[in-house]
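> Before we start, here is the structure in question, set down as structure tokens.
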Amino acid sequence: MSGHDEPLLPGEQVGYLGLGSNVGERRTQLQLAVDALPAHGVRVLRSSAVYDTDPVGEILDQPSFLNACLRIATALEPEQLLAACKAVEREQGRSLDPADGYVRHGPRPIDVDLLLLGERPYASERLTLPHAQVGERRFVLVPLLELDLALTLPDGTRLADRLAALPLDEGVRRAGDPLDVAATA
Ligand SMILES: Nc1ncnc2c1ncn2[C@@H]1O[C@H](COP(=O)(O)OP(=O)(O)OP(=O)(O)O)[C@@H](O)[C@H]1O
Ligand SMILES: Nc1nc2c(c(=O)[nH]1)N=C(CO)CN2
């Protein structure tokens, strides 16, 4: 990880979340996720700008996404933080049931991914930290590095170097100001 200016409370560590939406009022969905996180034990310290991004992954024929990243502070353990992210997704009407139309990599009103938490890696059946794709996706790296250009992976790899190594054809366009975190920090 790297540095930040915001004071931490006892027991807290810094983490980074990735937000995405490509169904409905996309910016509103991202803002609703920011607003919902504090009730789940997640303080939102700072938001990146919002980016309009071409879909990547297994399904390319779907609407473009809005993506943003958040710097957070939390005393939650990794699995608790994943549960908090999933609870926010559920509250905003995202179902993981194929009967409701869920498809891996498919359209979704809100996606809250846990990108980085503290300095130590973590792996379980449900959770991998850092997020397995964090160094591979421009739609994550562009907003993430806006929050801290010096961010590193636990092995010391600079995420800015990962971004520089990616092809330029994954469209990521600045689409709006940072999400409002004033009321939550
Ligand atoms: N760092 C992480 N953040 C969020 N989910 C994770 C992480 N590591 C593993 N997972 C697991 O991945 C599962 C699928 O996540 P999700 O539904 O967001 O997938 P997806 O967005 O379709 O694809 P991708 O995982 O490639 O972004 C989650 O239920 C969770 O258990
Ligand atoms: N541009 C973009 N593409 C995606 C995104 C996303 O948030 N942004 N999320 C996906 C599901 O993991 C699949 N593809």
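We name chains A, B, ... following the order of the structure tokens; residues begin at 1 in each chain, and ligands are numbered from 1 as shown.
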Check which residues fall inside 7 Å of ligand 1 when counting only C-alpha atoms and all ligand atoms, and print them as a PDB file with N, CA and C atoms, in the first residue's frame.

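The new file part10.pdb reads:
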ATOM      1  N   LEU A  82     -15.831  -8.022   3.326  1.00  0.00           N
ATOM      2  CA  LEU A  82     -16.495  -8.586   2.139  1.00  0.00           C
ATOM      3  C   LEU A  82     -18.000  -8.683   2.386  1.00  0.00           C
ATOM      4  N   LEU A  96     -27.686 -12.322  -6.642  1.00  0.00           N
ATOM      5  CA  LEU A  96     -26.683 -13.223  -7.206  1.00  0.00           C
ATOM      6  C   LEU A  96     -27.337 -14.513  -7.696  1.00  0.00           C
ATOM      7  N   VAL A 103     -25.544 -12.967 -14.179  1.00  0.00           N
ATOM      8  CA  VAL A 103     -24.553 -13.626 -15.021  1.00  0.00           C
ATOM      9  C   VAL A 103     -23.186 -13.117 -14.587  1.00  0.00           C
ATOM     10  N   ARG A 104     -22.208 -14.017 -14.445  1.00  0.00           N
ATOM     11  CA  ARG A 104     -20.850 -13.571 -14.107  1.00  0.00           C
ATOM     12  C   ARG A 104     -20.383 -12.604 -15.185  1.00  0.00           C
ATOM     13  N   HIS A 105     -19.815 -11.477 -14.739  1.00  0.00           N
ATOM     14  CA  HIS A 105     -19.321 -10.421 -15.639  1.00  0.00           C
ATOM     15  C   HIS A 105     -20.450  -9.709 -16.376  1.00  0.00           C
ATOM     16  N   GLY A 106     -21.696  -9.996 -16.045  1.00  0.00           N
ATOM     17  CA  GLY A 106     -22.826  -9.404 -16.756  1.00  0.00           C
ATOM     18  C   GLY A 106     -23.268  -8.079 -16.154  1.00  0.00           C
ATOM     19  N   ASP A 111     -21.783  -2.960  -8.170  1.00  0.00           N
ATOM     20  CA  ASP A 111     -20.749  -3.931  -7.835  1.00  0.00           C
ATOM     21  C   ASP A 111     -19.834  -3.230  -6.838  1.00  0.00           C
ATOM     22  N   VAL A 112     -19.605  -3.862  -5.698  1.00  0.00           N
ATOM     23  CA  VAL A 112     -18.680  -3.298  -4.704  1.00  0.00           C
ATOM     24  C   VAL A 112     -17.585  -4.329  -4.474  1.00  0.00           C
ATOM     25  N   ASP A 113     -16.406  -4.094  -5.038  1.00  0.00           N
ATOM     26  CA  ASP A 113     -15.294  -5.037  -4.930  1.00  0.00           C
ATOM     27  C   ASP A 113     -14.283  -4.541  -3.907  1.00  0.00           C
ATOM     28  N   LEU A 114     -13.732  -5.485  -3.166  1.00  0.00           N
ATOM     29  CA  LEU A 114     -12.690  -5.194  -2.181  1.00  0.00           C
ATOM     30  C   LEU A 114     -11.351  -5.342  -2.900  1.00  0.00           C
ATOM     31  N   LEU A 115     -10.641  -4.228  -3.076  1.00  0.00           N
ATOM     32  CA  LEU A 115      -9.415  -4.242  -3.890  1.00  0.00           C
ATOM     33  C   LEU A 115      -8.173  -4.497  -3.053  1.00  0.00           C
ATOM     34  N   ARG A 126     -13.757 -17.597  -0.305  1.00  0.00           N
ATOM     35  CA  ARG A 126     -14.640 -16.491  -0.701  1.00  0.00           C
ATOM     36  C   ARG A 126     -13.916 -15.227  -1.088  1.00  0.00           C
ATOM     37  N   LEU A 127     -12.663 -15.070  -0.648  1.00  0.00           N
ATOM     38  CA  LEU A 127     -12.027 -13.752  -0.750  1.00  0.00           C
ATOM     39  C   LEU A 127     -10.541 -13.873  -1.057  1.00  0.00           C
ATOM     40  N   THR A 128     -10.083 -13.085  -2.026  1.00  0.00           N
ATOM     41  CA  THR A 128      -8.652 -12.983  -2.334  1.00  0.00           C
ATOM     42  C   THR A 128      -8.253 -11.518  -2.235  1.00  0.00           C
ATOM     43  N   LEU A 129      -7.206 -11.235  -1.447  1.00  0.00           N
ATOM     44  CA  LEU A 129      -6.688  -9.870  -1.316  1.00  0.00           C
ATOM     45  C   LEU A 129      -5.178  -9.858  -1.535  1.00  0.00           C
ATOM     46  N   PRO A 130      -4.666  -8.895  -2.313  1.00  0.00           N
ATOM     47  CA  PRO A 130      -5.412  -7.968  -3.146  1.00  0.00           C
ATOM     48  C   PRO A 130      -6.333  -8.690  -4.131  1.00  0.00           C
ATOM     49  N   HIS A 131      -7.374  -7.994  -4.615  1.00  0.00           N
ATOM     50  CA  HIS A 131      -8.286  -8.534  -5.619  1.00  0.00           C
ATOM     51  C   HIS A 131      -7.471  -9.073  -6.795  1.00  0.00           C
ATOM     52  N   ALA A 132      -7.840 -10.290  -7.258  1.00  0.00           N
ATOM     53  CA  ALA A 132      -7.030 -10.981  -8.261  1.00  0.00           C
ATOM     54  C   ALA A 132      -6.828 -10.147  -9.533  1.00  0.00           C
ATOM     55  N   GLN A 133      -7.778  -9.286  -9.847  1.00  0.00           N
ATOM     56  CA  GLN A 133      -7.718  -8.544 -11.114  1.00  0.00           C
ATOM     57  C   GLN A 133      -7.228  -7.104 -10.950  1.00  0.00           C
TER      58      GLN A 133
END
> With DSSP run on the backbone, what are the strand (DSSP E or B) residues within segment 48-156 of chain A? I'd like them as an MDAnalysis selection string.
chainID A and resid 50:53 65:74 111:117 122:123 128:129 152
> Mind dumping the selected residues with N, CA and C atoms as a compact mmCIF listing (two decimals), in the first residue's frame?

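Written file, selection.txt:
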# COMPACT_ATOMS: atom_id res chain seq x y z
N VAL A 50 -15.36 9.95 -11.26
CA VAL A 50 -16.18 8.88 -11.84
C VAL A 50 -15.80 8.74 -13.32
N TYR A 51 -15.63 7.50 -13.77
CA TYR A 51 -15.20 7.22 -15.14
C TYR A 51 -16.24 6.40 -15.88
N ASP A 52 -16.45 6.73 -17.15
CA ASP A 52 -17.29 5.94 -18.05
C ASP A 52 -16.36 4.96 -18.76
N THR A 53 -16.67 3.65 -18.68
CA THR A 53 -15.68 2.66 -19.13
C THR A 53 -16.33 1.60 -20.03
N PHE A 65 -20.00 0.99 -18.34
CA PHE A 65 -20.07 1.11 -16.87
C PHE A 65 -19.69 2.51 -16.43
N LEU A 66 -20.16 2.91 -15.26
CA LEU A 66 -19.49 3.96 -14.50
C LEU A 66 -18.69 3.27 -13.40
N ASN A 67 -17.42 3.65 -13.27
CA ASN A 67 -16.56 3.09 -12.23
C ASN A 67 -15.92 4.20 -11.40
N ALA A 68 -15.71 3.90 -10.14
CA ALA A 68 -14.97 4.81 -9.26
C ALA A 68 -14.31 3.96 -8.18
N CYS A 69 -13.31 4.51 -7.52
CA CYS A 69 -12.68 3.82 -6.38
C CYS A 69 -12.76 4.69 -5.14
N LEU A 70 -12.79 4.03 -3.99
CA LEU A 70 -12.88 4.71 -2.69
C LEU A 70 -11.71 4.31 -1.82
N ARG A 71 -11.15 5.29 -1.08
CA ARG A 71 -10.26 4.95 0.03
C ARG A 71 -11.13 4.89 1.28
N ILE A 72 -10.99 3.82 2.03
CA ILE A 72 -11.81 3.62 3.22
C ILE A 72 -10.93 3.38 4.45
N ALA A 73 -11.53 3.54 5.62
CA ALA A 73 -10.89 3.13 6.87
C ALA A 73 -11.90 2.24 7.59
N THR A 74 -11.40 1.10 8.10
CA THR A 74 -12.32 0.18 8.77
C THR A 74 -11.58 -0.66 9.80
N ASP A 111 -21.78 -2.96 -8.17
CA ASP A 111 -20.75 -3.93 -7.83
C ASP A 111 -19.83 -3.23 -6.84
N VAL A 112 -19.61 -3.86 -5.70
CA VAL A 112 -18.68 -3.30 -4.70
C VAL A 112 -17.58 -4.33 -4.47
N ASP A 113 -16.41 -4.09 -5.04
CA ASP A 113 -15.29 -5.04 -4.93
C ASP A 113 -14.28 -4.54 -3.91
N LEU A 114 -13.73 -5.48 -3.17
CA LEU A 114 -12.69 -5.19 -2.18
C LEU A 114 -11.35 -5.34 -2.90
N LEU A 115 -10.64 -4.23 -3.08
CA LEU A 115 -9.41 -4.24 -3.89
C LEU A 115 -8.17 -4.50 -3.05
N LEU A 116 -8.02 -3.73 -1.96
CA LEU A 116 -6.83 -3.81 -1.10
C LEU A 116 -7.29 -3.56 0.33
N LEU A 117 -6.65 -4.24 1.29
CA LEU A 117 -6.91 -3.95 2.71
C LEU A 117 -5.62 -4.12 3.47
N TYR A 122 -4.45 -11.91 1.70
CA TYR A 122 -5.41 -12.77 2.37
C TYR A 122 -6.02 -13.67 1.31
N ALA A 123 -6.23 -14.93 1.65
CA ALA A 123 -6.88 -15.82 0.69
C ALA A 123 -7.78 -16.81 1.40
N THR A 128 -10.08 -13.08 -2.03
CA THR A 128 -8.65 -12.98 -2.33
C THR A 128 -8.25 -11.52 -2.23
N LEU A 129 -7.21 -11.24 -1.45
CA LEU A 129 -6.69 -9.87 -1.32
C LEU A 129 -5.18 -9.86 -1.54
N THR A 152 1.24 0.21 -3.90
CA THR A 152 1.98 -1.00 -4.27
C THR A 152 1.19 -2.23 -3.85
> Looking only at the backbone, which of the residues in chain A does DSSP tag as helix (DSSP H, G or I), as a PyMOL selection string?
chain A and resi 26-40+78-91+98-100+138-147+159-165
> Ranking A:Asp155, A:Asp169, A:Glu125, A:Glu91 by minimum distance to ligand 2 and counting only C-alpha atoms and all ligand atoms, which one comes first?
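Closest residue, counting only C-alpha atoms and all ligand atoms: A:Asp169.
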> Given the choices A:Gly57, A:Gly135, A:Gly11, A:Gly118, which gets closest to Arg162 of chain A if the distance is worked out from only C-alpha atoms?
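Of all the options, A:Gly135 lies closest to Arg162 of chain A.
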